[in-house]
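Undergrad: Below is target07.cif; it holds mmCIF, C-alpha atoms.
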```cif
data_final
loop_
_atom_site.label_atom_id
_atom_site.label_comp_id
_atom_site.auth_asym_id
_atom_site.auth_seq_id
_atom_site.Cartn_x
_atom_site.Cartn_y
_atom_site.Cartn_z
CA MET A 1 19.13 -35.96 -23.62
CA GLN A 2 21.92 -34.31 -25.57
CA ASN A 3 19.37 -33.01 -28.07
CA ASP A 4 17.20 -31.60 -25.26
CA LEU A 5 20.20 -29.80 -23.80
CA LEU A 6 20.99 -28.33 -27.21
CA ARG A 7 17.41 -27.12 -27.58
CA TYR A 8 17.46 -25.45 -24.15
CA LYS A 9 20.83 -23.86 -24.90
CA THR A 10 19.57 -22.49 -28.21
CA LEU A 11 16.42 -21.16 -26.53
CA ILE A 12 18.36 -19.42 -23.74
CA GLU A 13 20.87 -17.90 -26.16
CA ASN A 14 18.05 -16.31 -28.17
CA LEU A 15 15.93 -15.07 -25.30
CA ASN A 16 15.63 -11.29 -24.98
CA ALA A 17 16.62 -11.56 -21.32
CA ALA A 18 19.73 -12.29 -19.27
CA VAL A 19 19.61 -15.94 -18.19
CA LEU A 20 21.81 -17.89 -15.81
CA VAL A 21 21.25 -21.50 -14.70
CA GLU A 22 23.16 -22.83 -11.69
CA ASP A 23 23.18 -26.34 -10.26
CA GLU A 24 22.71 -27.25 -6.59
CA ASN A 25 26.36 -26.36 -5.89
CA ARG A 26 26.05 -22.97 -7.65
CA THR A 27 28.06 -24.12 -10.64
CA ILE A 28 27.06 -22.54 -13.97
CA SER A 29 25.12 -24.95 -16.18
CA LEU A 30 23.88 -22.50 -18.81
CA VAL A 31 24.34 -18.78 -19.44
CA ASN A 32 23.66 -16.51 -22.42
CA GLN A 33 25.44 -13.56 -23.98
CA THR A 34 22.79 -11.10 -22.75
CA PHE A 35 23.71 -12.00 -19.17
CA CYS A 36 27.40 -11.41 -19.88
CA ASP A 37 26.62 -8.04 -21.46
CA LEU A 38 24.33 -6.94 -18.62
CA PHE A 39 26.88 -7.75 -15.91
CA HIS A 40 29.87 -6.49 -17.91
CA ILE A 41 31.50 -9.91 -18.14
CA PRO A 42 34.15 -9.82 -20.92
CA ALA A 43 34.29 -13.62 -21.35
CA PRO A 44 31.92 -15.43 -23.77
CA PRO A 45 29.15 -17.62 -22.27
CA GLU A 46 30.92 -20.90 -23.10
CA ALA A 47 33.96 -19.81 -21.06
CA LEU A 48 31.77 -19.50 -17.95
CA MET A 49 30.42 -23.04 -18.04
CA GLY A 50 31.34 -24.97 -14.89
CA MET A 51 32.44 -21.86 -12.98
CA ASP A 52 31.59 -21.43 -9.29
CA CYS A 53 29.03 -18.64 -8.72
CA SER A 54 29.23 -18.54 -4.92
CA GLU A 55 31.06 -15.20 -5.04
CA SER A 56 29.26 -13.74 -8.06
CA ALA A 57 26.71 -11.68 -6.15
CA GLU A 58 29.44 -10.05 -4.07
CA GLN A 59 31.36 -9.20 -7.22
CA SER A 60 28.31 -7.85 -9.05
CA LYS A 61 26.74 -5.78 -6.26
CA SER A 62 28.72 -2.64 -7.20
CA LEU A 63 26.69 -2.46 -10.43
CA PHE A 64 23.49 -1.74 -8.48
CA LYS A 65 22.17 1.47 -6.99
CA ASP A 66 21.62 -0.26 -3.65
CA PRO A 67 24.42 -2.87 -3.52
CA GLU A 68 23.59 -4.23 -0.08
CA ALA A 69 19.91 -4.66 -0.92
CA PHE A 70 20.86 -6.56 -4.08
CA LEU A 71 23.20 -8.83 -2.10
CA ALA A 72 20.65 -9.40 0.67
CA GLY A 73 18.00 -10.24 -1.92
CA VAL A 74 20.17 -12.90 -3.56
CA THR A 75 21.01 -14.43 -0.19
CA LYS A 76 17.36 -14.59 0.83
CA LEU A 77 16.24 -16.15 -2.44
CA LEU A 78 18.90 -18.84 -2.25
CA LYS A 79 17.94 -19.57 1.33
CA ASP A 80 14.15 -19.68 0.85
CA ARG A 81 14.18 -21.57 -2.46
CA GLU A 82 10.77 -20.14 -3.34
CA PRO A 83 10.04 -18.74 -6.81
CA VAL A 84 9.91 -14.94 -7.04
CA PHE A 85 8.91 -13.05 -10.19
CA ASN A 86 9.18 -9.47 -11.42
CA GLU A 87 11.38 -8.20 -8.59
CA ALA A 88 12.39 -4.62 -9.44
CA LEU A 89 16.07 -3.64 -9.31
CA GLU A 90 17.84 -0.45 -10.34
CA MET A 91 21.43 -0.44 -11.54
CA LEU A 92 23.90 2.35 -10.89
CA ASP A 93 23.72 3.52 -14.53
CA GLY A 94 19.92 3.91 -14.32
CA THR A 95 19.07 0.60 -15.96
CA MET A 96 15.82 -0.77 -14.57
CA LEU A 97 15.64 -4.54 -14.22
CA GLU A 98 13.06 -7.11 -13.25
CA ARG A 99 14.41 -10.35 -11.83
CA ASP A 100 12.86 -13.81 -11.70
CA TYR A 101 14.25 -16.51 -9.44
CA ILE A 102 13.06 -20.05 -10.14
CA PRO A 103 14.33 -22.98 -8.04
CA ILE A 104 14.54 -26.30 -9.89
CA PHE A 105 13.33 -29.48 -8.20
CA ASP A 106 12.98 -33.10 -9.31
CA ASP A 107 10.22 -34.27 -7.03
CA LYS A 108 11.63 -32.92 -3.74
CA ILE A 109 15.28 -33.07 -4.74
CA TYR A 110 16.81 -29.60 -5.24
CA LEU A 111 18.75 -29.46 -8.52
CA GLY A 112 19.64 -25.78 -8.74
CA HIS A 113 17.97 -22.59 -9.88
CA LEU A 114 17.34 -20.23 -12.76
CA TRP A 115 17.97 -16.47 -12.75
CA VAL A 116 16.24 -14.30 -15.37
CA TYR A 117 17.00 -10.56 -15.60
CA LYS A 118 14.85 -8.46 -17.95
CA ASP A 119 15.93 -4.96 -18.96
CA LEU A 120 12.73 -2.91 -18.73
CA THR A 121 14.37 0.52 -18.83
CA PRO A 122 12.38 1.65 -21.92
CA HIS A 123 9.17 0.48 -20.24
CA TYR A 124 9.96 2.35 -17.01
CA LYS A 125 10.94 5.48 -18.94
CA LEU A 126 7.72 5.38 -20.93
CA GLU A 127 5.72 4.81 -17.74
CA HIS A 128 7.47 7.80 -16.13
CA GLN A 129 6.74 9.96 -19.18
CA LEU A 130 3.09 8.89 -19.15
CA THR A 131 2.83 9.68 -15.44
CA GLU A 132 4.34 13.12 -16.00
CA ALA A 133 1.97 13.71 -18.91
CA ARG A 134 -1.04 12.67 -16.80
CA ASN A 135 0.09 14.95 -13.98
CA ALA A 136 0.58 17.82 -16.42
CA LEU A 137 -2.89 17.29 -17.89
CA ALA A 138 -4.38 17.12 -14.40
CA ALA A 139 -2.62 20.37 -13.48
CA LEU A 140 -3.84 22.02 -16.69
CA SER A 141 -7.42 20.99 -15.94
CA LEU A 142 -7.20 22.78 -12.57
CA THR A 143 -4.97 25.72 -13.48
CA ASP A 144 -5.62 28.98 -15.28
CA PRO A 145 -2.89 29.10 -17.96
CA LEU A 146 -2.45 32.88 -17.91
CA THR A 147 -2.04 33.48 -14.18
CA GLN A 148 -1.15 29.93 -13.05
CA LEU A 149 -3.84 30.28 -10.38
CA GLY A 150 -6.44 27.65 -9.61
CA ASN A 151 -9.42 27.76 -11.98
CA ARG A 152 -13.15 27.29 -11.21
CA ARG A 153 -12.79 23.52 -10.72
CA TYR A 154 -9.89 24.02 -8.32
CA ILE A 155 -11.70 26.85 -6.55
CA ASP A 156 -14.73 24.63 -5.93
CA SER A 157 -12.66 21.72 -4.58
CA THR A 158 -10.57 24.02 -2.37
CA LEU A 159 -13.65 25.79 -1.03
CA GLU A 160 -15.35 22.47 -0.28
CA PHE A 161 -12.30 21.25 1.63
CA GLN A 162 -11.87 24.51 3.57
CA MET A 163 -15.57 24.59 4.46
CA ALA A 164 -15.40 21.07 5.86
CA LEU A 165 -12.23 21.92 7.79
CA ALA A 166 -13.70 25.13 9.19
CA GLN A 167 -16.84 23.29 10.27
CA ARG A 168 -14.83 20.53 11.95
CA LEU A 169 -12.54 22.97 13.78
CA GLY A 170 -15.25 25.50 14.60
CA ARG A 171 -13.41 28.34 12.83
CA SER A 172 -14.45 31.16 10.52
CA LEU A 173 -13.87 31.07 6.78
CA SER A 174 -14.02 34.15 4.56
CA PHE A 175 -14.61 34.18 0.83
CA VAL A 176 -13.94 37.19 -1.39
CA MET A 177 -15.07 37.86 -4.95
CA ILE A 178 -12.90 40.45 -6.72
CA ASP A 179 -13.58 42.10 -10.08
CA LEU A 180 -11.29 44.60 -11.80
CA ASP A 181 -13.11 47.85 -12.50
CA ASP A 182 -13.66 48.86 -16.15
CA PHE A 183 -11.36 46.12 -17.39
CA LYS A 184 -13.12 45.97 -20.75
CA GLN A 185 -11.81 49.47 -21.45
CA VAL A 186 -8.26 48.21 -20.92
CA ASN A 187 -8.70 45.56 -23.59
CA ASP A 188 -10.56 47.90 -25.94
CA THR A 189 -8.03 50.72 -25.58
CA TYR A 190 -4.71 48.88 -25.25
CA GLY A 191 -5.45 45.41 -26.62
CA HIS A 192 -5.70 41.98 -25.05
CA GLN A 193 -1.94 41.60 -24.65
CA LYS A 194 -1.95 44.61 -22.32
CA GLY A 195 -5.01 43.19 -20.59
CA ASP A 196 -3.19 39.92 -19.99
CA ALA A 197 -0.22 41.81 -18.54
CA VAL A 198 -2.57 43.62 -16.15
CA LEU A 199 -4.12 40.33 -15.01
CA GLN A 200 -0.68 38.83 -14.39
CA ALA A 201 0.50 41.92 -12.51
CA PHE A 202 -2.69 41.92 -10.42
CA THR A 203 -2.12 38.25 -9.58
CA GLU A 204 1.39 39.06 -8.32
CA PHE A 205 0.06 42.04 -6.35
CA LEU A 206 -2.61 40.00 -4.56
CA SER A 207 -0.32 37.01 -3.97
CA ALA A 208 2.27 39.22 -2.28
CA HIS A 209 -0.26 40.22 0.40
CA LEU A 210 -1.72 36.83 1.27
CA ARG A 211 -0.62 34.25 3.84
CA LYS A 212 0.64 30.84 2.83
CA THR A 213 -2.58 29.34 4.16
CA ASP A 214 -4.76 31.61 1.97
CA PHE A 215 -5.94 30.65 -1.50
CA LEU A 216 -6.14 32.86 -4.58
CA GLY A 217 -7.91 31.72 -7.74
CA ARG A 218 -9.12 33.11 -11.03
CA LEU A 219 -12.79 32.51 -11.67
CA GLY A 220 -12.56 33.73 -15.24
CA GLY A 221 -12.10 36.98 -17.17
CA GLU A 222 -11.21 39.71 -14.69
CA GLU A 223 -12.80 37.91 -11.72
CA PHE A 224 -10.63 36.55 -8.89
CA VAL A 225 -11.50 34.87 -5.60
CA MET A 226 -9.81 34.62 -2.22
CA ILE A 227 -10.41 31.89 0.34
CA LEU A 228 -9.14 32.95 3.77
CA PRO A 229 -9.21 30.21 6.44
CA ASP A 230 -9.67 31.12 10.10
CA THR A 231 -10.50 34.71 9.13
CA SER A 232 -13.57 36.79 9.95
CA ALA A 233 -15.32 39.11 7.53
CA MET A 234 -14.11 42.09 9.59
CA THR A 235 -10.45 41.05 9.30
CA THR A 236 -10.94 40.33 5.59
CA SER A 237 -12.44 43.78 4.99
CA GLU A 238 -9.39 45.34 6.65
CA LEU A 239 -7.15 43.41 4.25
CA ILE A 240 -9.19 44.50 1.20
CA ASP A 241 -9.10 48.11 2.43
CA LYS A 242 -5.31 47.91 2.64
CA LEU A 243 -5.08 46.51 -0.90
CA LEU A 244 -7.32 49.24 -2.33
CA ILE A 245 -5.20 51.93 -0.67
CA LYS A 246 -1.95 50.38 -1.93
CA LEU A 247 -3.28 50.34 -5.49
CA GLN A 248 -3.94 54.08 -5.33
CA ASN A 249 -0.18 54.67 -5.15
CA ARG A 250 1.00 52.29 -7.84
CA THR A 251 0.33 51.04 -11.35
CA LEU A 252 -0.10 47.56 -12.75
CA ALA A 253 1.51 47.06 -16.18
CA ASP A 254 1.86 50.87 -16.25
CA LEU A 255 -1.86 51.45 -15.79
CA LYS A 256 -3.91 52.71 -12.85
CA ILE A 257 -6.19 49.87 -11.80
CA THR A 258 -8.94 49.58 -9.20
CA PHE A 259 -11.20 46.72 -8.16
CA SER A 260 -14.46 46.02 -6.39
CA ALA A 261 -14.85 43.22 -3.86
CA GLY A 262 -17.65 41.25 -2.27
CA ILE A 263 -16.93 39.60 1.08
CA THR A 264 -18.86 36.89 2.85
CA GLU A 265 -18.08 34.70 5.85
CA LEU A 266 -18.88 31.17 6.91
CA PRO A 267 -19.22 31.71 10.69
CA PRO A 268 -17.84 29.16 13.17
CA ASN A 269 -20.01 26.10 13.78
CA MET A 270 -22.51 26.98 11.06
CA PRO A 271 -24.24 23.71 10.06
CA ILE A 272 -23.85 22.67 6.42
CA SER A 273 -26.11 19.90 5.19
CA SER A 274 -24.63 19.92 1.68
CA HIS A 275 -21.18 21.15 0.74
CA ALA A 276 -22.27 21.51 -2.89
CA SER A 277 -25.12 23.84 -1.96
CA GLY A 278 -22.85 25.58 0.54
CA ILE A 279 -20.30 26.34 -2.19
CA ASN A 280 -22.97 27.83 -4.45
CA GLU A 281 -24.41 29.84 -1.56
CA ILE A 282 -21.08 31.33 -0.53
CA ILE A 283 -20.19 32.25 -4.11
CA HIS A 284 -23.67 33.75 -4.61
CA PHE A 285 -23.41 35.92 -1.48
CA ALA A 286 -19.92 37.16 -2.38
CA ASP A 287 -20.93 37.79 -6.01
CA THR A 288 -24.00 39.77 -4.92
CA ALA A 289 -21.88 41.82 -2.52
CA MET A 290 -19.33 42.53 -5.25
CA TYR A 291 -22.02 43.86 -7.63
CA GLU A 292 -23.35 46.05 -4.83
CA ALA A 293 -19.83 47.50 -4.50
CA LYS A 294 -19.87 48.17 -8.26
CA SER A 295 -23.25 49.91 -8.03
CA LEU A 296 -21.97 52.11 -5.18
CA GLY A 297 -19.23 53.56 -7.38
CA LYS A 298 -16.57 50.79 -7.63
CA ASN A 299 -13.12 50.79 -6.00
CA GLN A 300 -14.60 49.54 -2.72
CA TRP A 301 -15.90 46.49 -0.91
CA VAL A 302 -19.23 45.27 0.52
CA VAL A 303 -19.79 42.55 3.12
CA LYS A 304 -22.86 40.35 2.79
CA THR A 305 -23.54 37.97 5.68
CA PHE A 306 -26.02 35.14 6.07
CA GLN A 307 -27.50 33.15 8.93
CA SER A 308 -27.76 29.67 7.51
CA ILE A 309 -26.94 27.67 4.41
CA GLU A 310 -28.89 24.56 5.33
CA HIS A 311 -31.06 23.13 2.56
#
```
Please express the file's structure as structure tokens.
TA:
Amino acid sequence: MQNDLLRYKTLIENLNAAVLVEDENRTISLVNQTFCDLFHIPAPPEALMGMDCSESAEQSKSLFKDPEAFLAGVTKLLKDREPVFNEALEMLDGTMLERDYIPIFDDKIYLGHLWVYKDLTPHYKLEHQLTEARNALAALSLTDPLTQLGNRRYIDSTLEFQMALAQRLGRSLSFVMIDLDDFKQVNDTYGHQKGDAVLQAFTEFLSAHLRKTDFLGRLGGEEFVMILPDTSAMTTSELIDKLLIKLQNRTLADLKITFSAGITELPPNMPISSHASGINEIIHFADTAMYEAKSLGKNQWVVKTFQSIEH
């Protein structure tokens, strides 16, 4: 029996976890140095043997971010005498712990319990970093890096959602395709760095004139799109008119810039049998309208309407 006790003591002392064993009266039977270090106990483990732990939780609660929750958890575990594993706890200094509580029985006779505290701070930090990295990658996959606007994937998902919402609420939805006029000349004459500055300035210009509920995305190159919920084609054309007039009296990145726009509208209560086909149809109508505006001399808009997008 003495040899068994020595083996258990050696095992506990070398575990990479804070371990405390209490008997049925909450007297310390075994404890290791890791436990003393974790709970800032200056005495060595052997000095704690035989000590009463009935007040220990109260004394230790100030080390935890939520002291009362820690205290309530200990009280409940001691009352229920049911094993609990991997209970997450956060200490005031940011240390992340997982706690195991294991009651000890001989047949049905309660002999005490075992506390095991594992410091998983590095694991939690790595998990947090991985989550941030995944979120950043997800954002990159949906975001145009130059303008920080939604890209084609994000445009499609936003349009699908707004179409479904408009259909459910019986409201209009307008979609606008915008293309900067003669943008290739900007790049050819001033270089791509100047072209990038123009695209960024144009993004800021458009964003400043949209509502919080509106969506602005970059389809690619010098092509932008607007998704305007609860907005008719007529109201949208008035907005585009205003933007064209404002651009006549200002420069973007020190250059005079114009654009052509194609406008289309999903009327209220229009049936949509397939959102995927509906997305392609709306983009096609707006794109066709935008090229008509180009053919008419640029620096203007064209509205192209449709009766149905059922397929």
Undergrad: Looking at A:Glu292, A:Asp119, A:Phe215, A:Ala253, which one is nearest to Gln193 in chain A, with distances taken over only C-alpha atoms?
TA: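 Under the stated criterion, the closest residue is A:Ala253.
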Undergrad: For the structure shown, which residues end up in the PyMOL selection byres ((chain A and resi 45) around 10)? Put them as a compact mmCIF listing (two decimals) with C-alpha atoms, keeping the file's coordinate frame, please?
TA:
```txt
# COMPACT_ATOMS: atom_id res chain seq x y z
CA GLU A 13 20.87 -17.90 -26.16
CA LEU A 20 21.81 -17.89 -15.81
CA ILE A 28 27.06 -22.54 -13.97
CA LEU A 30 23.88 -22.50 -18.81
CA VAL A 31 24.34 -18.78 -19.44
CA ASN A 32 23.66 -16.51 -22.42
CA GLN A 33 25.44 -13.56 -23.98
CA THR A 34 22.79 -11.10 -22.75
CA PHE A 35 23.71 -12.00 -19.17
CA CYS A 36 27.40 -11.41 -19.88
CA ASP A 37 26.62 -8.04 -21.46
CA ILE A 41 31.50 -9.91 -18.14
CA PRO A 42 34.15 -9.82 -20.92
CA ALA A 43 34.29 -13.62 -21.35
CA PRO A 44 31.92 -15.43 -23.77
CA GLU A 46 30.92 -20.90 -23.10
CA ALA A 47 33.96 -19.81 -21.06
CA LEU A 48 31.77 -19.50 -17.95
CA MET A 49 30.42 -23.04 -18.04
```
Undergrad: Counting all atoms listed in the file, what is within 9 Å of range 216-227 of chain A, bar same-chain residues fewer than 4 positions away, as a list in words?
TA: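 Listed by chain and then number, they are Thr143, Asp144, Thr147, Gln148, Leu149, Gly150, Asn151, Arg152, Tyr154, Ile155, Thr158, Leu159, Gln162, Leu173, Ser174, Phe175, Val176, Met177, Ile178, Asp179, Leu180, Asp181, Phe183, Lys184, Leu199, Thr203, Leu206, Ser207 and Leu210 of chain A.
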Undergrad: Tell me which of A:Leu165, A:Leu63, A:Ala293, A:Ala208 sits closest to Gly94 in chain A, counting all atoms listed in the file.
TA: A:Leu63
Undergrad: Between A:Ala166, A:Lys76, A:Ile102, A:Asp93, which one has atoms that come closest to Thr121 in chain A, using all atoms listed in the file?
TA: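 For Thr121 in chain A, the nearest of the given residues is A:Asp93.
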Undergrad: Taking the file as shown, what set of residues would the PyMOL selection byres ((chain A and resi 56-61) around 12) give back, as JSON, numbers by chain?
TA: {"A": [20, 22, 26, 27, 28, 35, 36, 38, 39, 40, 41, 48, 51, 52, 53, 54, 55, 62, 63, 64, 65, 66, 67, 68, 69, 70, 71, 72, 73, 74, 75, 77, 78, 89, 90, 91, 92, 115]}
Undergrad: Could you save those same residues with C-alpha atoms as a PDB file, in the coordinates of the input?
TA:
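Here's the written file result.pdb:
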```pdb
ATOM      1  CA  LEU A  20      21.810 -17.890 -15.810  1.00  0.00           C
ATOM      2  CA  GLU A  22      23.160 -22.830 -11.690  1.00  0.00           C
ATOM      3  CA  ARG A  26      26.050 -22.970  -7.650  1.00  0.00           C
ATOM      4  CA  THR A  27      28.060 -24.120 -10.640  1.00  0.00           C
ATOM      5  CA  ILE A  28      27.060 -22.540 -13.970  1.00  0.00           C
ATOM      6  CA  PHE A  35      23.710 -12.000 -19.170  1.00  0.00           C
ATOM      7  CA  CYS A  36      27.400 -11.410 -19.880  1.00  0.00           C
ATOM      8  CA  LEU A  38      24.330  -6.940 -18.620  1.00  0.00           C
ATOM      9  CA  PHE A  39      26.880  -7.750 -15.910  1.00  0.00           C
ATOM     10  CA  HIS A  40      29.870  -6.490 -17.910  1.00  0.00           C
ATOM     11  CA  ILE A  41      31.500  -9.910 -18.140  1.00  0.00           C
ATOM     12  CA  LEU A  48      31.770 -19.500 -17.950  1.00  0.00           C
ATOM     13  CA  MET A  51      32.440 -21.860 -12.980  1.00  0.00           C
ATOM     14  CA  ASP A  52      31.590 -21.430  -9.290  1.00  0.00           C
ATOM     15  CA  CYS A  53      29.030 -18.640  -8.720  1.00  0.00           C
ATOM     16  CA  SER A  54      29.230 -18.540  -4.920  1.00  0.00           C
ATOM     17  CA  GLU A  55      31.060 -15.200  -5.040  1.00  0.00           C
ATOM     18  CA  SER A  62      28.720  -2.640  -7.200  1.00  0.00           C
ATOM     19  CA  LEU A  63      26.690  -2.460 -10.430  1.00  0.00           C
ATOM     20  CA  PHE A  64      23.490  -1.740  -8.480  1.00  0.00           C
ATOM     21  CA  LYS A  65      22.170   1.470  -6.990  1.00  0.00           C
ATOM     22  CA  ASP A  66      21.620  -0.260  -3.650  1.00  0.00           C
ATOM     23  CA  PRO A  67      24.420  -2.870  -3.520  1.00  0.00           C
ATOM     24  CA  GLU A  68      23.590  -4.230  -0.080  1.00  0.00           C
ATOM     25  CA  ALA A  69      19.910  -4.660  -0.920  1.00  0.00           C
ATOM     26  CA  PHE A  70      20.860  -6.560  -4.080  1.00  0.00           C
ATOM     27  CA  LEU A  71      23.200  -8.830  -2.100  1.00  0.00           C
ATOM     28  CA  ALA A  72      20.650  -9.400   0.670  1.00  0.00           C
ATOM     29  CA  GLY A  73      18.000 -10.240  -1.920  1.00  0.00           C
ATOM     30  CA  VAL A  74      20.170 -12.900  -3.560  1.00  0.00           C
ATOM     31  CA  THR A  75      21.010 -14.430  -0.190  1.00  0.00           C
ATOM     32  CA  LEU A  77      16.240 -16.150  -2.440  1.00  0.00           C
ATOM     33  CA  LEU A  78      18.900 -18.840  -2.250  1.00  0.00           C
ATOM     34  CA  LEU A  89      16.070  -3.640  -9.310  1.00  0.00           C
ATOM     35  CA  GLU A  90      17.840  -0.450 -10.340  1.00  0.00           C
ATOM     36  CA  MET A  91      21.430  -0.440 -11.540  1.00  0.00           C
ATOM     37  CA  LEU A  92      23.900   2.350 -10.890  1.00  0.00           C
ATOM     38  CA  TRP A 115      17.970 -16.470 -12.750  1.00  0.00           C
TER      39      TRP A 115
END
```
Undergrad: Pull range 247-307 of chain A out of the block and emit C-alpha atoms, as a PDB file, in the first residue's frame.
TA:
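This is the output file out.pdb:
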```pdb
ATOM      1  CA  LEU A 247     -18.852  64.450 -61.401  1.00  0.00           C
ATOM      2  CA  GLN A 248     -18.979  67.253 -63.963  1.00  0.00           C
ATOM      3  CA  ASN A 249     -17.877  69.696 -61.247  1.00  0.00           C
ATOM      4  CA  ARG A 250     -15.104  67.686 -59.636  1.00  0.00           C
ATOM      5  CA  THR A 251     -12.103  65.494 -60.322  1.00  0.00           C
ATOM      6  CA  LEU A 252     -11.145  62.061 -59.060  1.00  0.00           C
ATOM      7  CA  ALA A 253      -7.424  61.659 -58.321  1.00  0.00           C
ATOM      8  CA  ASP A 254      -6.991  64.988 -60.176  1.00  0.00           C
ATOM      9  CA  LEU A 255      -8.614  63.683 -63.349  1.00  0.00           C
ATOM     10  CA  LYS A 256     -11.976  64.380 -64.979  1.00  0.00           C
ATOM     11  CA  ILE A 257     -13.894  61.106 -64.971  1.00  0.00           C
ATOM     12  CA  THR A 258     -17.270  60.082 -66.381  1.00  0.00           C
ATOM     13  CA  PHE A 259     -19.176  56.807 -66.335  1.00  0.00           C
ATOM     14  CA  SER A 260     -21.957  54.989 -68.130  1.00  0.00           C
ATOM     15  CA  ALA A 261     -24.654  53.056 -66.277  1.00  0.00           C
ATOM     16  CA  GLY A 262     -27.198  50.378 -67.039  1.00  0.00           C
ATOM     17  CA  ILE A 263     -30.226  50.160 -64.744  1.00  0.00           C
ATOM     18  CA  THR A 264     -32.700  47.339 -64.352  1.00  0.00           C
ATOM     19  CA  GLU A 265     -35.412  46.626 -61.799  1.00  0.00           C
ATOM     20  CA  LEU A 266     -36.911  43.537 -60.225  1.00  0.00           C
ATOM     21  CA  PRO A 267     -40.541  44.690 -59.889  1.00  0.00           C
ATOM     22  CA  PRO A 268     -42.593  43.867 -56.780  1.00  0.00           C
ATOM     23  CA  ASN A 269     -44.078  40.369 -56.664  1.00  0.00           C
ATOM     24  CA  MET A 270     -42.283  39.189 -59.798  1.00  0.00           C
ATOM     25  CA  PRO A 271     -42.119  35.366 -59.595  1.00  0.00           C
ATOM     26  CA  ILE A 272     -38.627  33.847 -59.582  1.00  0.00           C
ATOM     27  CA  SER A 273     -38.392  30.122 -60.137  1.00  0.00           C
ATOM     28  CA  SER A 274     -34.600  30.064 -59.812  1.00  0.00           C
ATOM     29  CA  HIS A 275     -32.503  32.616 -57.974  1.00  0.00           C
ATOM     30  CA  ALA A 276     -29.413  31.514 -59.908  1.00  0.00           C
ATOM     31  CA  SER A 277     -31.073  32.215 -63.249  1.00  0.00           C
ATOM     32  CA  GLY A 278     -32.571  35.394 -61.807  1.00  0.00           C
ATOM     33  CA  ILE A 279     -29.114  36.679 -60.854  1.00  0.00           C
ATOM     34  CA  ASN A 280     -27.765  36.037 -64.350  1.00  0.00           C
ATOM     35  CA  GLU A 281     -30.826  37.646 -65.914  1.00  0.00           C
ATOM     36  CA  ILE A 282     -30.609  40.821 -63.843  1.00  0.00           C
ATOM     37  CA  ILE A 283     -26.882  41.195 -64.502  1.00  0.00           C
ATOM     38  CA  HIS A 284     -27.457  40.554 -68.226  1.00  0.00           C
ATOM     39  CA  PHE A 285     -30.177  43.211 -68.478  1.00  0.00           C
ATOM     40  CA  ALA A 286     -28.102  45.801 -66.600  1.00  0.00           C
ATOM     41  CA  ASP A 287     -24.978  44.967 -68.619  1.00  0.00           C
ATOM     42  CA  THR A 288     -26.887  45.303 -71.906  1.00  0.00           C
ATOM     43  CA  ALA A 289     -28.318  48.647 -70.778  1.00  0.00           C
ATOM     44  CA  MET A 290     -24.855  49.883 -69.799  1.00  0.00           C
ATOM     45  CA  TYR A 291     -23.417  49.069 -73.243  1.00  0.00           C
ATOM     46  CA  GLU A 292     -26.351  50.864 -74.849  1.00  0.00           C
ATOM     47  CA  ALA A 293     -25.405  53.930 -72.777  1.00  0.00           C
ATOM     48  CA  LYS A 294     -21.833  53.583 -74.080  1.00  0.00           C
ATOM     49  CA  SER A 295     -23.047  53.366 -77.681  1.00  0.00           C
ATOM     50  CA  LEU A 296     -25.169  56.508 -77.201  1.00  0.00           C
ATOM     51  CA  GLY A 297     -22.109  58.586 -76.346  1.00  0.00           C
ATOM     52  CA  LYS A 298     -21.176  57.582 -72.745  1.00  0.00           C
ATOM     53  CA  ASN A 299     -21.574  59.713 -69.607  1.00  0.00           C
ATOM     54  CA  GLN A 300     -25.231  58.694 -69.317  1.00  0.00           C
ATOM     55  CA  TRP A 301     -27.569  55.925 -68.217  1.00  0.00           C
ATOM     56  CA  VAL A 302     -30.084  53.561 -69.849  1.00  0.00           C
ATOM     57  CA  VAL A 303     -32.897  51.626 -68.168  1.00  0.00           C
ATOM     58  CA  LYS A 304     -33.736  48.165 -69.474  1.00  0.00           C
ATOM     59  CA  THR A 305     -36.840  46.525 -68.005  1.00  0.00           C
ATOM     60  CA  PHE A 306     -38.201  43.013 -68.314  1.00  0.00           C
ATOM     61  CA  GLN A 307     -41.510  41.284 -67.704  1.00  0.00           C
TER      62      GLN A 307
END
```
